[in-house]
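Trainee: Got a structure for you, written out below as structure tokens; questions coming shortly.
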Amino acid sequence: MTFINSTILITGGSSGLGLEMAGRFLEMGNQVIICSRTSQKLEEAKYKLPNVITYQCDISKPAECKRLSEWIKELYPQLNVLINNAAIVHQTPFFETEGILPMLDAEVETNFLAPVRLIKLIYPILKENKPMIINITTGLIYAPKAAYSFYNATKTALHSFTQTIRIQLKDTQTRVVEVMFPAVKTPWHKGTPPKIAISVEKAVDEMIIGLKKDKKEIRIGGSRLLYFVSRIAPKFAIKKVNSLK
């Protein structure tokens with residue numbers, strides 16, 4: 001897919017990978033809509049990318065997902081690409097952390113249930129317009145990082161769901177793509193990205209190359225290596241992931 005004259009919705013598009021995607025797709029001649037929970041971040045994104053369309057909502061809340069879908073239906077019925085990029089993580093031990101169960105709820109709602117809801121709500125719009133669904137996951141679906149009590153599981157769930165709907169939609173024109181990113185230097189790491197993290201520019205470059213090649217599963221950088229290592233030596237893959245700083 002060349003991504004020309006498409007209308008693209010990117011969740012979590014106000015910073016990091018989402019913002020880089022937005023800028024790149026705008027440069028390619030597309031209309032880009034980004035959503036985020038934070039109005040200030042959306043304002044900052046609009047300052048950097050004057051042509052981007054912004055919408056404030058918290059996708060972890062079902063009612064706000066519905067409100068977003070209704071807004072899209074009314075104003076942008078030509079939408080044909082949905083990129084489920086938004087995600088959160090709590091880097092905290094499961095057994096020692098008081099109040100960790102609400103953190104579980106937040107991650108499941110944002111990382112897994114929100115993409116599922118948005119696909120269900122927005123697909124009736126997408127399917128009229130050469131549709132594409134892009135779900136963003138991680139190489140950690142192959143080997144979990146122990147510091148992330150829930151993040152690995154939520155992204156693994158999204159990985160499985162992506163495979164499921166790809167099969168269900170195989171006789172339609174809908175393209176269902178999964179992009180597995182490695183560690184990337186973004187605000188998501190709160191100022192302490194791991195040493196192996198790659199730049200957002202490189203990450204999105206590889207994503208776009210994979211999309212142009214019509215790949216259904218796009219493994220970026222280290223996630224590609226992790227995929228192969230996990231198939232050959234799964235215990236070593238887990239050990240390696242958890243030894244990285």
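Note on naming: chains are A, B, ... as they come in the structure tokens, residues start from 1 per chain, ligands start from 1 in the order shown.
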Write out as a PyMOL selection string which residues come within 9 Å of Glu128 (chain A) when counting only C-alpha atoms, dropping same-chain ones fewer than 6 positions away.
Mentor: chain A and resi 77-80
Trainee: To test your reading of the structure, identify every residue in region 80-145 of chain A that backbone DSSP assigns to strand (DSSP E or B), and report it as number ranges by chain.
Mentor: A: 81-84, 91, 132-138
Trainee: Please list as a list of chain:residue names every residue within 10 Å of region 35-50 of chain A, counting only C-alpha atoms and excluding residues in the same chain fewer than 2 positions away.
Mentor: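 Listed by chain and then number, they are A:Leu9, A:Ile10, A:Thr11, A:Gly12, A:Gly13, A:Ser14, A:Ser15, A:Gly18, A:Leu19, A:Ala22, A:Gly23, A:Leu26, A:Ile33, A:Val52, A:Ile53, A:Thr54, A:Tyr55, A:Gln56, A:Cys57, A:Asp58, A:Ile59, A:Ser60, A:Leu68, A:Ala86.
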Trainee: From the DSSP assignment of the backbone, select every residue of region 7-233 of chain A that is alpha helix (DSSP H), and format the answer as a ChimeraX atom specification.
Mentor: /A:16-27,39-48,62-75,100-107,114-126,151-168,200-212,222-232
Trainee: Considering only C-alpha atoms, can you say which of A:Pro182, A:Gly99, A:Pro194, A:Pro131 comes closest to Phe3 (chain A)?
Mentor: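 Between A:Pro182, A:Gly99, A:Pro194, A:Pro131, the residue approaching Phe3 (chain A) most closely is A:Pro131.
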Trainee: Pick from A:Glu107, A:Val89, A:Ile122, A:His159: nearest to Lys145 (chain A), with only C-alpha atoms counted?
Mentor: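 Closest candidate: A:Val89.
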Trainee: Restrict the calculation to only C-alpha atoms, then for each residue of region 2-77 of chain A with any atom at most 9 Å from an atom of region 201-220 of chain A give the closest atom pair and their distance in Å to one decimal, rows by chain and rising residue number, as a tab-separated table.
Mentor:
residue	atom	partner	partner_atom	distance
A:Thr2	CA	A:Lys212	CA	6.0
A:Phe3	CA	A:Lys212	CA	8.5
A:Leu17	CA	A:Val204	CA	7.2
A:Glu20	CA	A:Glu201	CA	7.0
A:Met21	CA	A:Val204	CA	6.4
A:Arg24	CA	A:Val204	CA	8.2
Trainee: What's the separation between CA of Ile8 (chain A) and CA of Arg166 (chain A), in Å to one decimal place?
Mentor: 19.2 Å
Trainee: Excluding Pro193 (chain A) and residues on its chain fewer than 6 positions from it, collect all residues at most 8 Å away from it, counting only C-alpha atoms, and give them as a VMD selection string.
Mentor: chain A and resid 183 to 186
Trainee: Name all residues at most 9 Å from Leu104 (chain A) (count only C-alpha atoms; drop same-chain ones fewer than 2 positions away) and give them as a list in words.
Mentor: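 The neighbour list is His90, Ile100, Leu101, Pro102, Ala106, Glu107, Val108, Glu109, Ser149, Phe150 and Tyr151 of chain A.
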Trainee: Taking N, CA and C atoms for each residue, export the selection above as an mmCIF file, in the first residue's frame.
Mentor:
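Output (again-v8.cif):
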data_model
loop_
_atom_site.group_PDB
_atom_site.id
_atom_site.type_symbol
_atom_site.label_atom_id
_atom_site.label_comp_id
_atom_site.auth_asym_id
_atom_site.auth_seq_id
_atom_site.Cartn_x
_atom_site.Cartn_y
_atom_site.Cartn_z
ATOM 1 N N HIS A 90 2.964 -0.317 33.478
ATOM 2 C CA HIS A 90 3.384 -0.093 34.859
ATOM 3 C C HIS A 90 4.551 -1.041 35.128
ATOM 4 N N ILE A 100 -1.978 -2.952 42.922
ATOM 5 C CA ILE A 100 -1.564 -3.269 41.554
ATOM 6 C C ILE A 100 -2.739 -3.696 40.675
ATOM 7 N N LEU A 101 -3.819 -4.180 41.268
ATOM 8 C CA LEU A 101 -4.938 -4.659 40.445
ATOM 9 C C LEU A 101 -5.608 -3.545 39.640
ATOM 10 N N PRO A 102 -5.745 -2.337 40.179
ATOM 11 C CA PRO A 102 -6.235 -1.250 39.314
ATOM 12 C C PRO A 102 -5.282 -0.951 38.144
ATOM 13 N N ALA A 106 -6.246 -0.866 34.151
ATOM 14 C CA ALA A 106 -5.882 0.228 33.250
ATOM 15 C C ALA A 106 -5.154 -0.279 32.013
ATOM 16 N N GLU A 107 -4.228 -1.221 32.207
ATOM 17 C CA GLU A 107 -3.470 -1.740 31.064
ATOM 18 C C GLU A 107 -4.337 -2.586 30.146
ATOM 19 N N VAL A 108 -5.183 -3.420 30.720
ATOM 20 C CA VAL A 108 -6.056 -4.257 29.890
ATOM 21 C C VAL A 108 -7.011 -3.374 29.090
ATOM 22 N N GLU A 109 -7.587 -2.365 29.745
ATOM 23 C CA GLU A 109 -8.529 -1.485 29.054
ATOM 24 C C GLU A 109 -7.857 -0.718 27.910
ATOM 25 N N SER A 149 4.564 -6.470 34.624
ATOM 26 C CA SER A 149 3.666 -7.506 35.135
ATOM 27 C C SER A 149 2.517 -7.824 34.183
ATOM 28 N N PHE A 150 2.015 -6.806 33.467
ATOM 29 C CA PHE A 150 0.823 -7.004 32.635
ATOM 30 C C PHE A 150 1.016 -6.665 31.160
ATOM 31 N N TYR A 151 1.967 -5.789 30.856
ATOM 32 C CA TYR A 151 2.116 -5.284 29.491
ATOM 33 C C TYR A 151 2.320 -6.420 28.485
#
Trainee: Looking at A:Phe228, A:Gly16, A:Met28, A:Pro62, which one is nearest to Ile4 (chain A), with distances taken over only C-alpha atoms?
Mentor: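 Among the listed residues, the smallest separation from Ile4 (chain A) belongs to A:Met28.
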Trainee: Which is closest to Thr162 (chain A) among A:Thr97, A:Ser243, A:Asn5, A:Asn84, if we use only C-alpha atoms?
Mentor: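 Closest residue, counting only C-alpha atoms: A:Asn84.
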Trainee: Quick one: which region 119-227 of chain A residues come within 12 Å of region 232-237 of chain A, and what is the nearest atom pair for each with the distance in Å to one decimal, counting only C-alpha atoms, rows ordered by chain and ascending number, as a tab-separated table?
Mentor:
residue	atom	partner	partner_atom	distance
A:Gly139	CA	A:Ala237	CA	10.7
A:Leu140	CA	A:Ala237	CA	9.9
A:Ile141	CA	A:Ala237	CA	11.4
A:Tyr142	CA	A:Ala237	CA	8.2
A:Ala143	CA	A:Ala237	CA	6.1
A:Pro144	CA	A:Ala237	CA	9.0
A:Lys145	CA	A:Ala237	CA	10.2
A:Gly222	CA	A:Ala237	CA	11.5
A:Ser223	CA	A:Ala237	CA	11.0
A:Leu225	CA	A:Ala237	CA	9.5
A:Leu226	CA	A:Ala237	CA	6.6
A:Tyr227	CA	A:Ala237	CA	8.8
